[in-house]
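Below is one structure, written out as structure tokens; the observations come after it.
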Amino acid sequence: MIKRFIFLVSLLLIAGLVLNGCDKAETISATATPTTTLNQDPPATEEPPNAVKLTLRHSLIKDSSANSLKIVEAAAAATEFEMPKLEIELEGVDENINRSTQLKAEMAAGTQPDIFELFGGKADAIVYAQAGKLLDLTAILTEIEKQYDFANLEDFTVDGKIIGLPITGQANGVFYNKKIFAELGVQPPLTYEDFIEICAKAQAKGITPLALASSDAWVPTLLFNSLLVRNTGPAVPGYFTIGDAKWTDPEVVNAFVQFAELAAKGYFSAGNQGFKYSDQQKQFKAGSAAMMYDGSWAYASLIDPNTSKIADDVGFFSFPDRGGPGDGLINASFSQGYGFSADLSEEQQEVVKLWIKNLFNDEIQKKQLTEDGVFPSMFFLDNTGVPSVVTEIITSVKSSAGTFASLDTLVQKTVMAELEAGLQQLLENKITVAKLTEKLQMIQVEANVGP
């Protein structure tokens, strides 16, 4: 775009010279008989031979995305600098419009941008890849030696082919107070039995084992989600909507029993029914709780020395294994990123290699992390300046056996609402597991039938 600006300025200067010449010609003709005619055309301004153009679609149009936009613009400018005959045209479109309507229509018509913001997973990237609309990046990543740099590429992988790259992501797990763990003489647990033992030791010392706020009904579902998958495996929650799994199945019931046991033993914050989500973090940041189940988005607040007494003592581990089919998995998603059109020429694909190197690297990921709090999607080759808890989260994702989806992306809204209310009732001991699971299954059947 810088070159386009220079080109336009050049045209304006040339036009000014022409007009100035015409004025002088008219003056001469009014005072003397010309012996020559000023009829030569101004020299033409030529574009670089074989110019390469690419369009780049982003959704960084809000004031809150100003820093992120500068990063994308800088990556584009750096790529243009490395390839002088290149022009990258940036286009900003509202995220919802791009995802819900515009990109879908363009994919159907074959007019999609060359590079574009893309969501991974079954609803977007996989659909487009199966239609042959996305560039296979597998060989490209190998060539530029970035095939192992990303924390997780599951949402952008189809049949072993990498069809997009995440720019950010999130992971859920257990934040813990390293100082309290040292005082208890324990290490991050690998098994659920170890986890329960830590809870008991913390409670015996007068320390809340698990900070929890259940007034915001979605919060308890985070931990329950991991309990459910540990017992059932990652596929079962998705089977509820097609009737191939029931909320009354034994392995599903086990997850509710374990959640109810944590509540009955007093391992959650006392009075959690009156706590908002922010209160859960306040309790943990005050050093009053040994652990807290939360998402990676919470890390910045937890290590802020202005608001956290434990800023230097925050660690993270994936929810421990139970010896079931869901062991080793982590609730994580790295689905927001970029895709590339399958229609790109070989020369345009060379541009893609440069652009990936200029956007997906240590410097950019750190800049996003420190300036905007955007959680990284890649391993850092150099951890200098990277909070240790961030490294622990990424390591947990990379060392996991895979990821699993959040329940609210798998079941209907009415079922999710009933689950949230039911977990609140379990925490207050106002319902039995048997009644709750029976009620959930009834709501699920109704939801599956539809209106």
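Just remember, in the structure tokens the first chain shown is A, the second B, etc., residues are 1-based per chain, and ligands are 1-based in the order shown.
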What are the DSSP alpha helix (DSSP H) residues of stretch 90-286 of chain A, as an MDAnalysis selection string? chainID A and resid 95:97 103:109 125:130 138:143 178:184 192:204 219:232 236:239 250:264 277:285
Give one line per residue of stretch 361-441 of chain A that approaches stretch 299-303 of chain A to at most 8 Å, naming the two atoms of the closest pair and their distance in Å to one decimal, counting only C-alpha atoms; sort by chain then ascending residue number and deliver it as a tab-separated table.
```
residue	atom	partner	partner_atom	distance
A:Gly373	CA	A:Ala300	CA	7.0
A:Val389	CA	A:Tyr299	CA	7.3
A:Val390	CA	A:Tyr299	CA	7.4
```
Where does DSSP see strand (DSSP E) in stretch 72-139 of chain A, if you list the residues as an mmCIF file with N, CA and C atoms, in the first residue's frame?
```cif
data_model
loop_
_atom_site.group_PDB
_atom_site.id
_atom_site.type_symbol
_atom_site.label_atom_id
_atom_site.label_comp_id
_atom_site.auth_asym_id
_atom_site.auth_seq_id
_atom_site.Cartn_x
_atom_site.Cartn_y
_atom_site.Cartn_z
ATOM 1 N N LEU A 86 5.725 -6.533 -5.036
ATOM 2 C CA LEU A 86 4.532 -7.022 -4.355
ATOM 3 C C LEU A 86 3.673 -5.881 -3.827
ATOM 4 N N GLU A 87 2.354 -6.064 -3.915
ATOM 5 C CA GLU A 87 1.403 -5.142 -3.295
ATOM 6 C C GLU A 87 0.353 -5.947 -2.545
ATOM 7 N N ILE A 88 0.273 -5.723 -1.218
ATOM 8 C CA ILE A 88 -0.730 -6.392 -0.386
ATOM 9 C C ILE A 88 -1.801 -5.371 -0.028
ATOM 10 N N GLU A 89 -3.022 -5.642 -0.416
ATOM 11 C CA GLU A 89 -4.141 -4.738 -0.144
ATOM 12 C C GLU A 89 -4.934 -5.255 1.054
ATOM 13 N N LEU A 90 -4.932 -4.478 2.156
ATOM 14 C CA LEU A 90 -5.645 -4.862 3.366
ATOM 15 C C LEU A 90 -7.090 -4.393 3.322
ATOM 16 N N GLU A 91 -7.989 -5.254 3.797
ATOM 17 C CA GLU A 91 -9.409 -4.928 3.837
ATOM 18 C C GLU A 91 -9.967 -5.333 5.197
ATOM 19 N N GLY A 92 -10.589 -4.374 5.890
ATOM 20 C CA GLY A 92 -11.184 -4.655 7.196
ATOM 21 C C GLY A 92 -12.678 -4.869 7.093
ATOM 22 N N ILE A 115 -5.746 -13.979 1.290
ATOM 23 C CA ILE A 115 -5.468 -14.301 2.694
ATOM 24 C C ILE A 115 -6.638 -13.744 3.497
ATOM 25 N N PHE A 116 -7.137 -14.492 4.463
ATOM 26 C CA PHE A 116 -8.327 -14.026 5.164
ATOM 27 C C PHE A 116 -8.397 -14.619 6.564
ATOM 28 N N GLU A 117 -9.029 -13.847 7.444
ATOM 29 C CA GLU A 117 -9.265 -14.326 8.797
ATOM 30 C C GLU A 117 -10.201 -15.526 8.708
ATOM 31 N N LEU A 118 -9.879 -16.569 9.479
ATOM 32 C CA LEU A 118 -10.620 -17.819 9.353
ATOM 33 C C LEU A 118 -10.719 -18.504 10.704
ATOM 34 N N PHE A 119 -11.876 -19.083 10.985
ATOM 35 C CA PHE A 119 -12.056 -19.880 12.186
ATOM 36 C C PHE A 119 -11.877 -21.356 11.835
#
```
Who sits within 12 Å of A:Lys430, only C-alpha atoms, same chain under 5 positions skipped, as number ranges by chain: A: 260, 263-264, 421-425, 435-436
Env of A:Ile330: 9 Å cut, atoms = only C-alpha atoms, seq-sep filter 6 positions within chain, self excluded. Answer as an mmCIF file with N, CA and C atoms, in the first residue's frame.
```
data_model
loop_
_atom_site.group_PDB
_atom_site.id
_atom_site.type_symbol
_atom_site.label_atom_id
_atom_site.label_comp_id
_atom_site.auth_asym_id
_atom_site.auth_seq_id
_atom_site.Cartn_x
_atom_site.Cartn_y
_atom_site.Cartn_z
ATOM 1 N N ALA A 171 -6.912 -22.125 26.652
ATOM 2 C CA ALA A 171 -6.920 -23.447 27.268
ATOM 3 C C ALA A 171 -7.435 -23.327 28.688
ATOM 4 N N ASN A 172 -8.197 -24.315 29.119
ATOM 5 C CA ASN A 172 -8.731 -24.333 30.479
ATOM 6 C C ASN A 172 -8.000 -25.369 31.311
ATOM 7 N N GLY A 173 -7.793 -25.054 32.578
ATOM 8 C CA GLY A 173 -7.118 -25.976 33.470
ATOM 9 C C GLY A 173 -7.045 -25.405 34.867
ATOM 10 N N SER A 226 -14.370 -30.904 32.304
ATOM 11 C CA SER A 226 -13.192 -31.781 32.351
ATOM 12 C C SER A 226 -13.499 -33.097 33.057
ATOM 13 N N SER A 318 -2.797 -29.125 33.693
ATOM 14 C CA SER A 318 -4.006 -29.677 33.093
ATOM 15 C C SER A 318 -4.747 -30.515 34.125
ATOM 16 N N PHE A 319 -6.069 -30.586 34.003
ATOM 17 C CA PHE A 319 -6.855 -31.355 34.970
ATOM 18 C C PHE A 319 -6.343 -32.795 35.005
ATOM 19 N N SER A 396 1.389 -27.422 28.587
ATOM 20 C CA SER A 396 0.304 -28.358 28.901
ATOM 21 C C SER A 396 -0.476 -28.733 27.649
ATOM 22 N N VAL A 397 -0.702 -27.742 26.786
ATOM 23 C CA VAL A 397 -1.420 -28.008 25.533
ATOM 24 C C VAL A 397 -0.578 -28.898 24.625
ATOM 25 N N SER A 400 -0.260 -32.529 25.731
ATOM 26 C CA SER A 400 -1.519 -33.260 25.896
ATOM 27 C C SER A 400 -1.704 -34.292 24.786
ATOM 28 N N ALA A 401 -2.633 -35.195 25.025
ATOM 29 C CA ALA A 401 -2.954 -36.206 24.018
ATOM 30 C C ALA A 401 -3.904 -35.655 22.953
ATOM 31 N N GLY A 402 -4.342 -34.424 23.148
ATOM 32 C CA GLY A 402 -5.285 -33.801 22.223
ATOM 33 C C GLY A 402 -6.183 -32.842 22.979
ATOM 34 N N THR A 403 -7.131 -32.254 22.287
ATOM 35 C CA THR A 403 -8.036 -31.303 22.922
ATOM 36 C C THR A 403 -9.477 -31.801 22.854
ATOM 37 N N PHE A 404 -10.310 -31.202 23.691
ATOM 38 C CA PHE A 404 -11.741 -31.482 23.595
ATOM 39 C C PHE A 404 -12.511 -30.178 23.686
ATOM 40 N N ALA A 405 -13.715 -30.194 23.136
ATOM 41 C CA ALA A 405 -14.518 -28.975 23.017
ATOM 42 C C ALA A 405 -15.283 -28.681 24.293
#
```
Residues near A:Phe379, anyone? I mean within 7 Å using only C-alpha atoms, not counting same-chain ones fewer than 4 positions away, as a PyMOL selection string. chain A and resi 149-151+394
Tell me, in Å to one decimal, how far atom CA of A:Leu103 is from atom CA of A:Gly450. 28.8 Å
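If only C-alpha atoms are the atoms counted, then among A:Gln258, A:Ser399, A:Asn177, A:Thr241 the closest residue to A:Ile196 is A:Gln258.
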Using only C-alpha atoms, which of the listed residues (A:Glu350, A:Asp124, A:Glu420, A:Glu82) sits closest to A:Phe224? A:Glu420
